[in-house]
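K.L.:
The structure file upload-v2.tsv (TSV, C-alpha atoms) is provided below.
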chain	number	residue	atom	x	y	z
A	1	MET	CA	52.86	60.40	78.29
A	2	TYR	CA	56.07	58.43	77.96
A	3	ILE	CA	59.35	58.11	79.84
A	4	HIS	CA	61.84	60.10	77.79
A	5	SER	CA	65.01	60.07	79.89
A	6	MET	CA	66.50	58.98	83.22
A	7	GLU	CA	69.42	60.62	85.00
A	8	LEU	CA	71.15	59.72	88.27
A	9	PHE	CA	73.04	61.87	90.76
A	10	GLN	CA	75.23	60.66	93.63
A	11	VAL	CA	75.11	63.48	96.16
A	12	PRO	CA	76.59	63.94	99.64
A	13	PRO	CA	76.33	62.77	102.30
A	14	ARG	CA	75.42	59.27	101.01
A	15	TRP	CA	72.40	59.57	98.71
A	16	LEU	CA	71.47	58.72	95.12
A	17	PHE	CA	68.80	60.77	93.35
A	18	LEU	CA	66.97	59.76	90.17
A	19	LYS	CA	65.37	62.22	87.74
A	20	ILE	CA	62.82	60.85	85.26
A	21	THR	CA	61.63	63.20	82.51
A	22	THR	CA	58.62	62.51	80.30
A	23	ASP	CA	58.08	63.46	76.67
A	24	GLU	CA	55.74	66.20	77.95
A	25	GLY	CA	58.48	67.69	80.13
A	26	ILE	CA	57.09	66.58	83.49
A	27	VAL	CA	59.91	65.64	85.89
A	28	GLY	CA	59.69	63.14	88.74
A	29	TRP	CA	62.30	62.41	91.40
A	30	GLY	CA	63.12	59.23	93.29
A	31	GLU	CA	65.77	58.08	95.75
A	32	PRO	CA	67.05	54.61	94.78
A	33	VAL	CA	69.93	53.88	97.14
A	34	VAL	CA	71.42	51.32	99.46
A	35	GLU	CA	73.58	53.05	102.05
A	36	GLY	CA	77.18	52.29	101.14
A	37	LYS	CA	76.23	50.75	97.77
A	38	ALA	CA	75.06	53.81	95.82
A	39	ARG	CA	77.08	53.00	92.70
A	40	THR	CA	75.81	49.41	92.67
A	41	VAL	CA	72.20	50.57	92.78
A	42	GLN	CA	72.93	53.20	90.13
A	43	THR	CA	74.07	50.42	87.80
A	44	ALA	CA	70.89	48.46	88.55
A	45	VAL	CA	68.72	51.48	87.68
A	46	GLU	CA	70.65	52.03	84.46
A	47	GLU	CA	70.12	48.38	83.49
A	48	MET	CA	66.41	48.63	84.29
A	49	SER	CA	66.10	51.72	82.08
A	50	ASP	CA	66.06	49.42	79.04
A	51	PHE	CA	62.58	48.33	80.17
A	52	LEU	CA	61.39	51.90	80.87
A	53	ILE	CA	62.45	54.34	78.16
A	54	ASP	CA	59.55	55.09	75.77
A	55	LYS	CA	57.07	53.28	78.05
A	56	ASP	CA	53.87	54.80	79.44
A	57	ALA	CA	54.88	56.68	82.59
A	58	SER	CA	51.39	56.33	84.08
A	59	ALA	CA	51.44	52.50	84.05
A	60	ILE	CA	53.12	52.31	87.46
A	61	GLU	CA	51.84	48.89	88.52
A	62	ASP	CA	52.62	47.27	85.17
A	63	LEU	CA	56.11	48.74	85.09
A	64	TRP	CA	56.69	47.60	88.70
A	65	GLN	CA	55.60	44.07	87.79
A	66	THR	CA	57.85	44.16	84.74
A	67	LEU	CA	60.90	45.16	86.74
A	68	TYR	CA	60.16	42.78	89.63
A	69	ARG	CA	58.92	39.67	87.85
A	70	GLY	CA	60.34	40.16	84.38
A	71	GLY	CA	63.90	40.08	85.66
A	72	PHE	CA	63.50	36.48	86.96
A	73	TYR	CA	65.81	37.12	89.96
A	74	ARG	CA	63.78	38.97	92.55
A	75	GLY	CA	64.08	40.79	95.83
A	76	GLY	CA	67.08	41.85	97.86
A	77	PRO	CA	68.38	45.31	98.72
A	78	VAL	CA	69.93	46.27	95.39
A	79	LEU	CA	67.14	45.27	93.00
A	80	MET	CA	64.35	46.47	95.29
A	81	SER	CA	66.04	49.79	96.02
A	82	ALA	CA	66.44	50.40	92.30
A	83	ILE	CA	62.75	49.64	91.75
A	84	SER	CA	61.80	51.79	94.75
A	85	GLY	CA	63.44	54.94	93.42
A	86	ILE	CA	61.96	54.42	89.96
A	87	GLU	CA	58.50	53.90	91.44
A	88	GLN	CA	58.73	57.03	93.60
A	89	ALA	CA	59.62	59.12	90.56
A	90	LEU	CA	56.70	57.70	88.55
A	91	TRP	CA	54.24	58.54	91.35
A	92	ASP	CA	55.75	62.03	91.50
A	93	ILE	CA	55.05	62.40	87.78
A	94	LYS	CA	51.49	61.08	88.06
A	95	GLY	CA	50.68	63.39	90.95
A	96	GLN	CA	52.01	66.40	89.08
A	97	GLN	CA	50.16	65.42	85.91
A	98	LEU	CA	46.87	65.25	87.85
A	99	GLY	CA	47.67	68.19	90.14
A	100	VAL	CA	47.28	66.29	93.44
A	101	PRO	CA	49.52	64.86	96.19
A	102	ILE	CA	50.20	61.15	95.89
A	103	TYR	CA	48.19	60.31	99.02
A	104	GLU	CA	45.07	61.58	97.22
A	105	LEU	CA	45.61	58.84	94.63
A	106	LEU	CA	45.90	56.17	97.35
A	107	GLY	CA	42.62	56.78	99.14
A	108	GLY	CA	43.02	60.31	100.47
A	109	ALA	CA	44.25	61.76	103.73
A	110	VAL	CA	43.47	60.11	107.07
A	111	ARG	CA	45.22	62.74	109.25
A	112	ASP	CA	46.20	66.39	109.24
A	113	ARG	CA	49.66	66.06	110.76
A	114	MET	CA	52.20	63.31	111.37
A	115	GLN	CA	54.37	62.84	114.44
A	116	ILE	CA	58.08	62.61	113.70
A	117	TYR	CA	61.10	61.61	115.76
A	118	ALA	CA	64.75	62.62	115.85
A	119	TRP	CA	67.92	60.64	116.39
A	120	ILE	CA	70.20	61.34	119.32
A	121	GLY	CA	73.74	60.02	119.23
A	122	GLY	CA	76.67	59.25	121.43
A	123	ASP	CA	77.38	56.31	123.73
A	124	ALA	CA	78.17	58.30	126.88
A	125	PRO	CA	75.21	59.50	128.99
A	126	ASP	CA	76.31	63.13	128.94
A	127	GLU	CA	76.40	63.15	125.14
A	128	LEU	CA	72.91	61.66	124.97
A	129	VAL	CA	71.53	64.15	127.46
A	130	LYS	CA	72.98	67.11	125.55
A	131	ALA	CA	71.61	65.87	122.23
A	132	ALA	CA	68.23	65.09	123.78
A	133	HIS	CA	67.88	68.60	125.19
A	134	GLU	CA	68.78	70.10	121.81
A	135	ARG	CA	66.09	68.04	120.08
A	136	ILE	CA	63.47	68.78	122.73
A	137	GLU	CA	64.22	72.50	122.52
A	138	ALA	CA	63.76	72.20	118.74
A	139	GLY	CA	60.24	70.91	119.40
A	140	TYR	CA	60.58	67.14	119.11
A	141	THR	CA	58.44	64.98	121.39
A	142	ALA	CA	59.96	61.64	120.41
A	143	LEU	CA	63.59	60.51	120.11
A	144	LYS	CA	65.49	57.39	119.09
A	145	MET	CA	68.90	56.14	120.19
A	146	ASN	CA	71.06	53.07	119.80
A	147	ALA	CA	70.45	50.69	122.68
A	148	THR	CA	74.01	49.38	122.76
A	149	ALA	CA	77.30	49.28	120.91
A	150	GLN	CA	78.65	46.07	119.41
A	151	MET	CA	77.96	42.86	121.30
A	152	GLY	CA	79.30	39.35	120.80
A	153	TRP	CA	77.20	36.20	120.68
A	154	VAL	CA	77.70	35.80	124.44
A	155	ASP	CA	79.20	38.92	125.92
A	156	ASN	CA	80.10	40.54	129.21
A	157	GLN	CA	77.12	41.40	131.40
A	158	ARG	CA	78.73	44.78	131.99
A	159	LYS	CA	77.51	45.82	128.52
A	160	ILE	CA	73.94	45.11	129.61
A	161	MET	CA	74.44	47.23	132.71
A	162	GLU	CA	76.00	50.07	130.71
A	163	ALA	CA	73.04	50.11	128.30
A	164	ALA	CA	70.64	50.38	131.23
A	165	GLU	CA	72.73	53.10	132.85
A	166	ARG	CA	72.63	55.19	129.67
A	167	ILE	CA	68.86	55.25	129.40
A	168	ASP	CA	68.50	55.61	133.18
A	169	THR	CA	70.56	58.79	133.02
A	170	LEU	CA	68.51	60.03	130.11
A	171	ARG	CA	65.17	59.32	131.78
A	172	GLU	CA	66.33	61.04	134.96
A	173	GLU	CA	67.09	64.12	132.89
A	174	ILE	CA	64.12	64.34	130.48
A	175	GLY	CA	61.41	62.36	132.27
A	176	TYR	CA	58.67	60.30	130.64
A	177	ASP	CA	56.77	62.90	128.62
A	178	ILE	CA	59.24	62.33	125.77
A	179	GLU	CA	59.06	59.01	123.92
A	180	ILE	CA	62.33	57.11	123.39
A	181	GLY	CA	62.72	54.39	120.78
A	182	LEU	CA	65.60	51.99	121.34
A	183	ASP	CA	67.34	50.66	118.24
A	184	PHE	CA	69.14	47.36	118.76
A	185	HIS	CA	70.29	47.74	115.11
A	186	GLY	CA	70.48	43.96	114.73
A	187	ARG	CA	73.68	44.09	116.80
A	188	VAL	CA	72.58	41.74	119.55
A	189	HIS	CA	72.52	37.97	119.19
A	190	LYS	CA	69.85	35.72	120.63
A	191	PRO	CA	71.80	34.57	123.74
A	192	MET	CA	72.06	38.20	124.92
A	193	VAL	CA	68.92	39.86	123.65
A	194	LYS	CA	66.46	38.69	126.32
A	195	ALA	CA	68.71	39.97	129.11
A	196	LEU	CA	69.08	43.33	127.37
A	197	MET	CA	65.35	43.67	126.80
A	198	LYS	CA	64.61	42.90	130.45
A	199	ALA	CA	67.20	45.42	131.68
A	200	LEU	CA	65.80	48.23	129.50
A	201	GLU	CA	62.07	47.58	129.98
A	202	PRO	CA	61.69	49.56	133.26
A	203	TYR	CA	62.49	52.75	131.30
A	204	ARG	CA	59.35	52.34	129.16
A	205	PRO	CA	60.78	52.55	125.63
A	206	MET	CA	58.46	53.42	122.76
A	207	PHE	CA	59.70	50.28	120.96
A	208	TYR	CA	62.62	47.88	120.56
A	209	GLU	CA	63.83	48.17	116.97
A	210	GLU	CA	65.50	45.21	115.25
A	211	PRO	CA	66.25	43.26	118.43
A	212	LEU	CA	67.57	40.61	116.02
A	213	PRO	CA	68.56	40.82	112.35
A	214	PRO	CA	65.74	39.87	109.94
A	215	GLN	CA	67.46	36.56	109.20
A	216	HIS	CA	66.32	35.51	112.68
A	217	ASN	CA	62.73	36.78	112.59
A	218	GLU	CA	61.52	33.30	113.55
A	219	ALA	CA	62.77	34.04	117.08
A	220	LEU	CA	60.68	37.22	117.48
A	221	PRO	CA	57.53	35.47	118.81
A	222	GLU	CA	59.62	34.02	121.63
A	223	LEU	CA	61.09	37.44	122.41
A	224	ALA	CA	57.61	38.97	122.40
A	225	HIS	CA	56.69	36.68	125.32
A	226	HIS	CA	59.54	38.18	127.37
A	227	THR	CA	58.59	41.86	127.13
A	228	THR	CA	55.70	44.29	127.16
A	229	VAL	CA	57.63	46.75	124.97
A	230	PRO	CA	56.45	46.77	121.32
A	231	ILE	CA	58.84	45.02	118.94
A	232	ALA	CA	59.62	46.80	115.66
A	233	THR	CA	61.45	45.59	112.57
A	234	GLY	CA	61.41	45.74	108.79
A	235	GLU	CA	64.02	48.18	107.49
A	236	ARG	CA	65.97	45.33	105.88
A	237	MET	CA	62.93	43.53	104.46
A	238	TYR	CA	61.70	43.82	100.89
A	239	THR	CA	58.21	43.54	99.35
A	240	ARG	CA	55.04	42.13	100.88
A	241	TRP	CA	56.38	38.60	100.47
A	242	ASP	CA	59.14	39.22	103.02
A	243	PHE	CA	56.60	40.67	105.47
A	244	LYS	CA	54.01	37.91	105.01
A	245	ALA	CA	55.55	35.33	107.36
A	246	LEU	CA	56.62	37.98	109.87
A	247	LEU	CA	53.09	39.32	110.25
A	248	ALA	CA	51.58	35.84	110.47
A	249	SER	CA	54.05	34.89	113.22
A	250	GLY	CA	52.64	37.36	115.74
A	251	GLY	CA	56.14	38.39	116.80
A	252	VAL	CA	56.02	42.01	115.65
A	253	ASP	CA	54.01	45.03	116.82
A	254	ILE	CA	55.42	47.73	114.51
A	255	ILE	CA	56.72	47.28	110.98
A	256	GLN	CA	59.28	49.69	109.54
A	257	PRO	CA	59.43	49.35	105.75
A	258	ASP	CA	61.88	51.70	104.08
A	259	LEU	CA	60.29	53.25	101.00
A	260	SER	CA	63.65	53.41	99.23
A	261	HIS	CA	64.29	49.71	99.82
A	262	THR	CA	61.06	47.77	100.09
A	263	GLY	CA	59.62	48.46	96.64
A	264	GLY	CA	58.36	52.03	96.74
A	265	ILE	CA	55.24	53.87	97.83
A	266	TRP	CA	52.51	51.57	96.51
A	267	GLU	CA	54.31	48.42	97.67
A	268	ALA	CA	54.72	49.92	101.15
A	269	ARG	CA	51.00	50.77	101.14
A	270	LYS	CA	50.20	47.12	100.35
A	271	ILE	CA	52.48	46.02	103.21
A	272	ALA	CA	50.80	48.49	105.57
A	273	ALA	CA	47.37	47.12	104.63
A	274	MET	CA	48.58	43.59	105.44
A	275	ALA	CA	49.85	44.87	108.78
A	276	GLU	CA	46.53	46.55	109.54
A	277	ALA	CA	44.81	43.17	109.17
A	278	TYR	CA	47.09	41.85	111.94
A	279	ASP	CA	46.58	44.98	114.12
A	280	VAL	CA	50.24	45.95	113.60
A	281	ALA	CA	51.37	49.60	113.44
A	282	VAL	CA	53.59	51.21	110.79
A	283	ALA	CA	56.58	53.52	111.37
A	284	PRO	CA	58.47	53.91	108.06
A	285	HIS	CA	62.25	53.72	108.27
A	286	CYS	CA	63.93	56.84	106.86
A	287	PRO	CA	67.50	57.84	107.79
A	288	LEU	CA	67.92	58.93	104.16
A	289	GLY	CA	67.36	62.03	102.06
A	290	PRO	CA	64.49	64.41	101.27
A	291	ILE	CA	62.94	62.32	98.51
A	292	THR	CA	62.61	59.23	100.71
A	293	LEU	CA	61.11	61.35	103.48
A	294	ALA	CA	58.65	62.94	101.06
A	295	ALA	CA	57.63	59.49	99.80
A	296	SER	CA	57.27	58.23	103.38
A	297	LEU	CA	55.00	61.12	104.32
A	298	GLN	CA	52.79	60.47	101.32
A	299	LEU	CA	52.34	56.95	102.71
A	300	ASP	CA	51.80	58.18	106.26
A	301	PHE	CA	48.99	60.53	105.31
A	302	CYS	CA	46.88	57.83	103.65
A	303	THR	CA	47.66	54.97	106.05
A	304	PRO	CA	45.50	54.56	109.18
A	305	ASN	CA	47.98	52.40	111.12
A	306	ALA	CA	51.00	54.70	110.52
A	307	PHE	CA	51.83	56.41	113.80
A	308	ILE	CA	55.28	58.03	113.66
A	309	GLN	CA	57.88	58.92	111.04
A	310	GLU	CA	61.66	58.74	111.19
A	311	GLN	CA	63.58	61.59	109.53
A	312	SER	CA	67.27	62.41	109.19
A	313	LEU	CA	67.65	66.10	110.04
A	314	ASN	CA	70.89	66.46	112.02
A	315	ILE	CA	71.46	62.71	112.06
A	316	HIS	CA	75.07	61.72	112.60
A	317	TYR	CA	75.40	60.37	109.03
A	318	ASN	CA	74.69	63.74	107.43
A	319	GLN	CA	78.18	65.16	107.31
A	320	GLY	CA	78.61	67.96	104.78
A	321	SER	CA	75.00	68.00	103.56
A	322	ASP	CA	71.72	67.65	105.40
A	323	LEU	CA	68.07	66.86	104.77
A	324	LEU	CA	66.96	70.33	103.69
A	325	ASP	CA	69.96	71.36	101.60
A	326	TYR	CA	68.61	70.26	98.21
A	327	LEU	CA	65.09	71.72	98.55
A	328	ILE	CA	63.81	74.93	96.98
A	329	ASP	CA	61.37	75.33	99.90
A	330	PRO	CA	62.61	73.61	103.09
A	331	SER	CA	59.47	74.71	104.95
A	332	VAL	CA	57.59	71.67	103.59
A	333	PHE	CA	59.39	69.72	106.33
A	334	GLN	CA	58.83	72.29	109.07
A	335	TYR	CA	58.33	70.52	112.41
A	336	THR	CA	55.95	72.05	114.95
A	337	ASN	CA	55.47	70.52	118.40
A	338	GLY	CA	56.84	67.22	117.16
A	339	TYR	CA	54.64	67.04	114.04
A	340	VAL	CA	54.90	67.83	110.34
A	341	ALA	CA	51.88	69.22	108.49
A	342	ARG	CA	50.21	67.36	105.65
A	343	PRO	CA	51.84	68.36	102.33
A	344	THR	CA	49.52	69.87	99.74
A	345	ALA	CA	51.70	70.31	96.65
A	346	PRO	CA	51.27	67.82	93.77
A	347	GLY	CA	53.25	64.61	93.54
A	348	LEU	CA	55.80	64.09	96.28
A	349	GLY	CA	55.14	67.62	97.52
A	350	ILE	CA	58.74	68.83	97.24
A	351	THR	CA	60.76	70.74	94.64
A	352	LEU	CA	64.43	69.90	94.36
A	353	ASP	CA	67.01	72.57	93.57
A	354	GLU	CA	68.43	70.88	90.50
A	355	ASP	CA	71.36	73.28	90.26
A	356	LYS	CA	72.45	72.29	93.76
A	357	VAL	CA	71.91	68.61	92.97
A	358	ARG	CA	74.10	68.84	89.88
A	359	ALA	CA	76.80	70.79	91.69
A	360	ALA	CA	76.83	68.28	94.56
A	361	ALA	CA	76.93	65.34	92.16
A	362	ALA	CA	80.15	66.76	90.71
A	363	THR	CA	81.66	66.06	94.14
A	364	GLY	CA	79.73	62.85	94.75
A	365	HIS	CA	80.47	60.61	97.70
A	366	ARG	CA	81.99	57.30	98.65
A	367	TRP	CA	80.21	56.68	101.94
A	368	ARG	CA	80.89	53.36	103.64
A	369	ASN	CA	79.56	52.07	106.92
A	370	PRO	CA	82.11	51.29	109.63
A	371	VAL	CA	83.29	47.73	110.19
A	372	TRP	CA	83.23	46.77	113.87
A	373	ARG	CA	85.11	44.00	115.62
A	374	ASN	CA	84.72	42.35	118.98
A	375	ALA	CA	87.46	42.29	121.61
A	376	ASP	CA	88.74	38.98	120.23
A	377	GLY	CA	89.10	40.41	116.71
A	378	SER	CA	86.02	38.72	115.21
A	379	ILE	CA	83.53	40.70	113.10
A	380	ALA	CA	80.72	42.36	115.07
A	381	GLU	CA	77.34	43.47	113.76
A	382	TRP	CA	77.29	47.20	113.00
Take the structure in the file and write it out as structure tokens.
P.N.:
Amino acid sequence: MYIHSMELFQVPPRWLFLKITTDEGIVGWGEPVVEGKARTVQTAVEEMSDFLIDKDASAIEDLWQTLYRGGFYRGGPVLMSAISGIEQALWDIKGQQLGVPIYELLGGAVRDRMQIYAWIGGDAPDELVKAAHERIEAGYTALKMNATAQMGWVDNQRKIMEAAERIDTLREEIGYDIEIGLDFHGRVHKPMVKALMKALEPYRPMFYEEPLPPQHNEALPELAHHTTVPIATGERMYTRWDFKALLASGGVDIIQPDLSHTGGIWEARKIAAMAEAYDVAVAPHCPLGPITLAASLQLDFCTPNAFIQEQSLNIHYNQGSDLLDYLIDPSVFQYTNGYVARPTAPGLGITLDEDKVRAAAATGHRWRNPVWRNADGSIAEW
């Protein structure tokens, strides 16, 4: 069975879908995208197609090695996201060819259901409380929110106090039965991060996500000595080689590989196995579309140290289109009491509505992340 054709679709709100068709007519889907750089990744996939057309679609590892090592220049968000989407689609094809979900090909299921969490937005406490109640009423048992807005290298202590006040208000309203992950989003620099972590710790967060950007991972072991809250990172890290030093450092408790960025399903499974050897948990990053979520769940259901899954339903980025809009059967992502059931359909376990995909691609998108500045006019981390 050979790769016959590859087609790409930029669809709202900010996604890029890849369709791979084999000579036998089996279709696989992947989501190769960098948020805000969809067209750049599309070009990378199109260039990589020269190494894929008329090749054996079942030779996933060999094709991955060809794309990763054969190109000489390796790693980074664009190249790895292109490879990730291609790899997802090839696993989707293999699963459909054999009539089994992908997790059955990676060792089989280790759980029956997977806990998921929802984003809540807004910087003011009343906005957070309203959003939290809406998510809890929808059945979620875990939430995530931004810990703070932009922050300079050394900033006003009032920002630390405001961050604590926000989560204090939220905890007063919803209590401690609901888990809350706090995303620092790489916005906080080292001179401020220890003070922020200390101020937020009394509210018992589920984790601190990206307390520093990955370029400063060498500082994470020091931060780990200043808190009892688990430290999570990994959404902007690519392949097992990026994660190798992080895991060996002892400065991380939860890794968050993104299956549309880090190299795909099998590469993320290799990373998760490395993490298991260091007694580190896995919580795949996924503020993206339905294909990335489907791929992430396939990983979750065959990975012992996976414990919770991010998903983008009603996330603030999804303006105009949402997670379920491109699916023939949205019930595959039905959330019950904070969990999603193990998928049973072959491949990725989802069926895309190709007519809707094509219609949406005619509109396309030009999503860009905001650019933030500090009070003095200098660039701030978004």
K.L.:
Could you please give me, as a ChimeraX atom specification, the residues of protein, DNA or RNA lying at most 12 Å from (76.4, 71.5, 92.8) in the coordinate frame of the file, considering only C-alpha atoms?
P.N.:
/A:9-12,321,325-326,353-364
K.L.:
Which is closer to Glu31 of chain A than all the others in A:His261, A:Arg74, A:Arg240, A:Lys190, using only C-alpha atoms?
P.N.:
A:His261
K.L.:
What is the distance, in Å and to one decimal place, between atom CA of Glu381 of chain A and atom CA of Ile116 of chain A?
P.N.:
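These atoms are spaced 27.2 Å apart.
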K.L.:
How many Å lie between atom CA of Trp382 of chain A and atom CA of Thr148 of chain A, rounded to one decimal?
P.N.:
10.5 Å
K.L.:
Provide the atom CA of Gly338 of chain A to atom CA of Leu324 of chain A distance in Å, to one decimal place.
P.N.:
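Calculated distance between atom CA of Gly338 of chain A and atom CA of Leu324 of chain A is 17.1 Å.
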K.L.:
Which one of A:Pro191, A:Pro221, A:Ile180, A:Thr336 sits closest to Val154 of chain A if you count all atoms listed in the file?
P.N.:
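That would be A:Pro191, the residue with the smallest distance to Val154 of chain A.
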K.L.:
Write out as a compact mmCIF listing (two decimals) with C-alpha atoms, keeping the file's coordinate frame each polymer residue whose atoms come within 7 Å of Ile178 of chain A, counting all atoms listed in the file; drop sequence neighbours fewer than 3 positions from it.
P.N.:
# COMPACT_ATOMS: atom_id res chain seq x y z
CA THR A 141 58.44 64.98 121.39
CA ALA A 142 59.96 61.64 120.41
CA GLY A 175 61.41 62.36 132.27
K.L.:
Determine, counting only C-alpha atoms, which protein, DNA and RNA residues have an atom within 8 Å of an atom of Asn146 of chain A; residues of the same chain fewer than 2 positions away are not included. Present the result as an mmCIF file with C-alpha atoms, in the frame of the given file.
P.N.:
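Everything below was put into selection19.cif:
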data_model
loop_
_atom_site.group_PDB
_atom_site.id
_atom_site.type_symbol
_atom_site.label_atom_id
_atom_site.label_comp_id
_atom_site.auth_asym_id
_atom_site.auth_seq_id
_atom_site.Cartn_x
_atom_site.Cartn_y
_atom_site.Cartn_z
ATOM 1 C CA GLY A 121 73.740 60.020 119.230
ATOM 2 C CA LYS A 144 65.490 57.390 119.090
ATOM 3 C CA THR A 148 74.010 49.380 122.760
ATOM 4 C CA ALA A 149 77.300 49.280 120.910
ATOM 5 C CA LEU A 182 65.600 51.990 121.340
ATOM 6 C CA ASP A 183 67.340 50.660 118.240
ATOM 7 C CA PHE A 184 69.140 47.360 118.760
ATOM 8 C CA HIS A 185 70.290 47.740 115.110
#
K.L.:
Could you pull the residues within 12 Å of Pro284 of chain A, counting only C-alpha atoms, minus those fewer than 2 positions along the same chain, as JSON, numbers by chain?
P.N.:
{"A": [114, 115, 116, 117, 209, 232, 233, 234, 235, 236, 237, 254, 255, 256, 257, 258, 259, 260, 261, 262, 264, 265, 268, 269, 271, 272, 281, 282, 286, 287, 288, 292, 293, 294, 295, 296, 297, 298, 299, 300, 301, 303, 305, 306, 307, 308, 309, 310, 311]}
K.L.:
Nearest to Ala283 of chain A among A:Gly181, A:Pro214, A:Gly25, A:Gly71, with distances taken over all atoms listed in the file: which residue is it?
P.N.:
A:Gly181
K.L.:
From the options A:Glu165, A:Asp62, A:Asp50, A:Asp92, which residue's atoms come nearest to Lys19 of chain A, counting only C-alpha atoms?
P.N.:
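Closest candidate: A:Asp92.
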K.L.:
Compare A:Ile60, A:Leu348, A:Ala277, A:Ile167 by their minimum atom-to-atom distance to Leu200 of chain A, counting only C-alpha atoms, and give me the closest one.
P.N.:
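That would be A:Ile167, the residue with the smallest distance to Leu200 of chain A.
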K.L.:
Please determine an axis-aligned box that encloses all atoms of segment 198-211 of chain A listed in the file, with 5 Å added on each side, and express its centre and edge lengths in Å to one decimal as JSON.
P.N.:
{"center_x": 62.8, "center_y": 48.2, "center_z": 124.3, "size_x": 18.7, "size_y": 20.5, "size_z": 28.0}
K.L.:
Calculated over all atoms listed in the file, which of the candidates A:Pro205, A:Gln88, A:Arg135, A:Gly108 has the smallest distance to Ala147 of chain A?
P.N.:
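Nearest to Ala147 of chain A: A:Pro205.
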K.L.:
Excluding Phe207 of chain A and residues on its chain fewer than 4 positions from it, collect all residues at most 6 Å away from it, counting all atoms listed in the file, and give them as a PyMOL selection string.
P.N.:
chain A and resi 181+229-231
K.L.:
Could you pull the residues within 10 Å of Trp29 of chain A, counting all atoms listed in the file, minus those fewer than 6 positions along the same chain, as a list in words?
P.N.:
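Here the answer would be Met6, Glu7, Leu8, Phe17, Leu18, Lys19, Ile20, Thr21, Gly85, Ile86, Glu87, Gln88, Ala89, Leu90, Trp91, Asp92, Ile93, Ile291, Thr292, Gly347, Leu348, Ile350, Thr351 and Leu352 of chain A.
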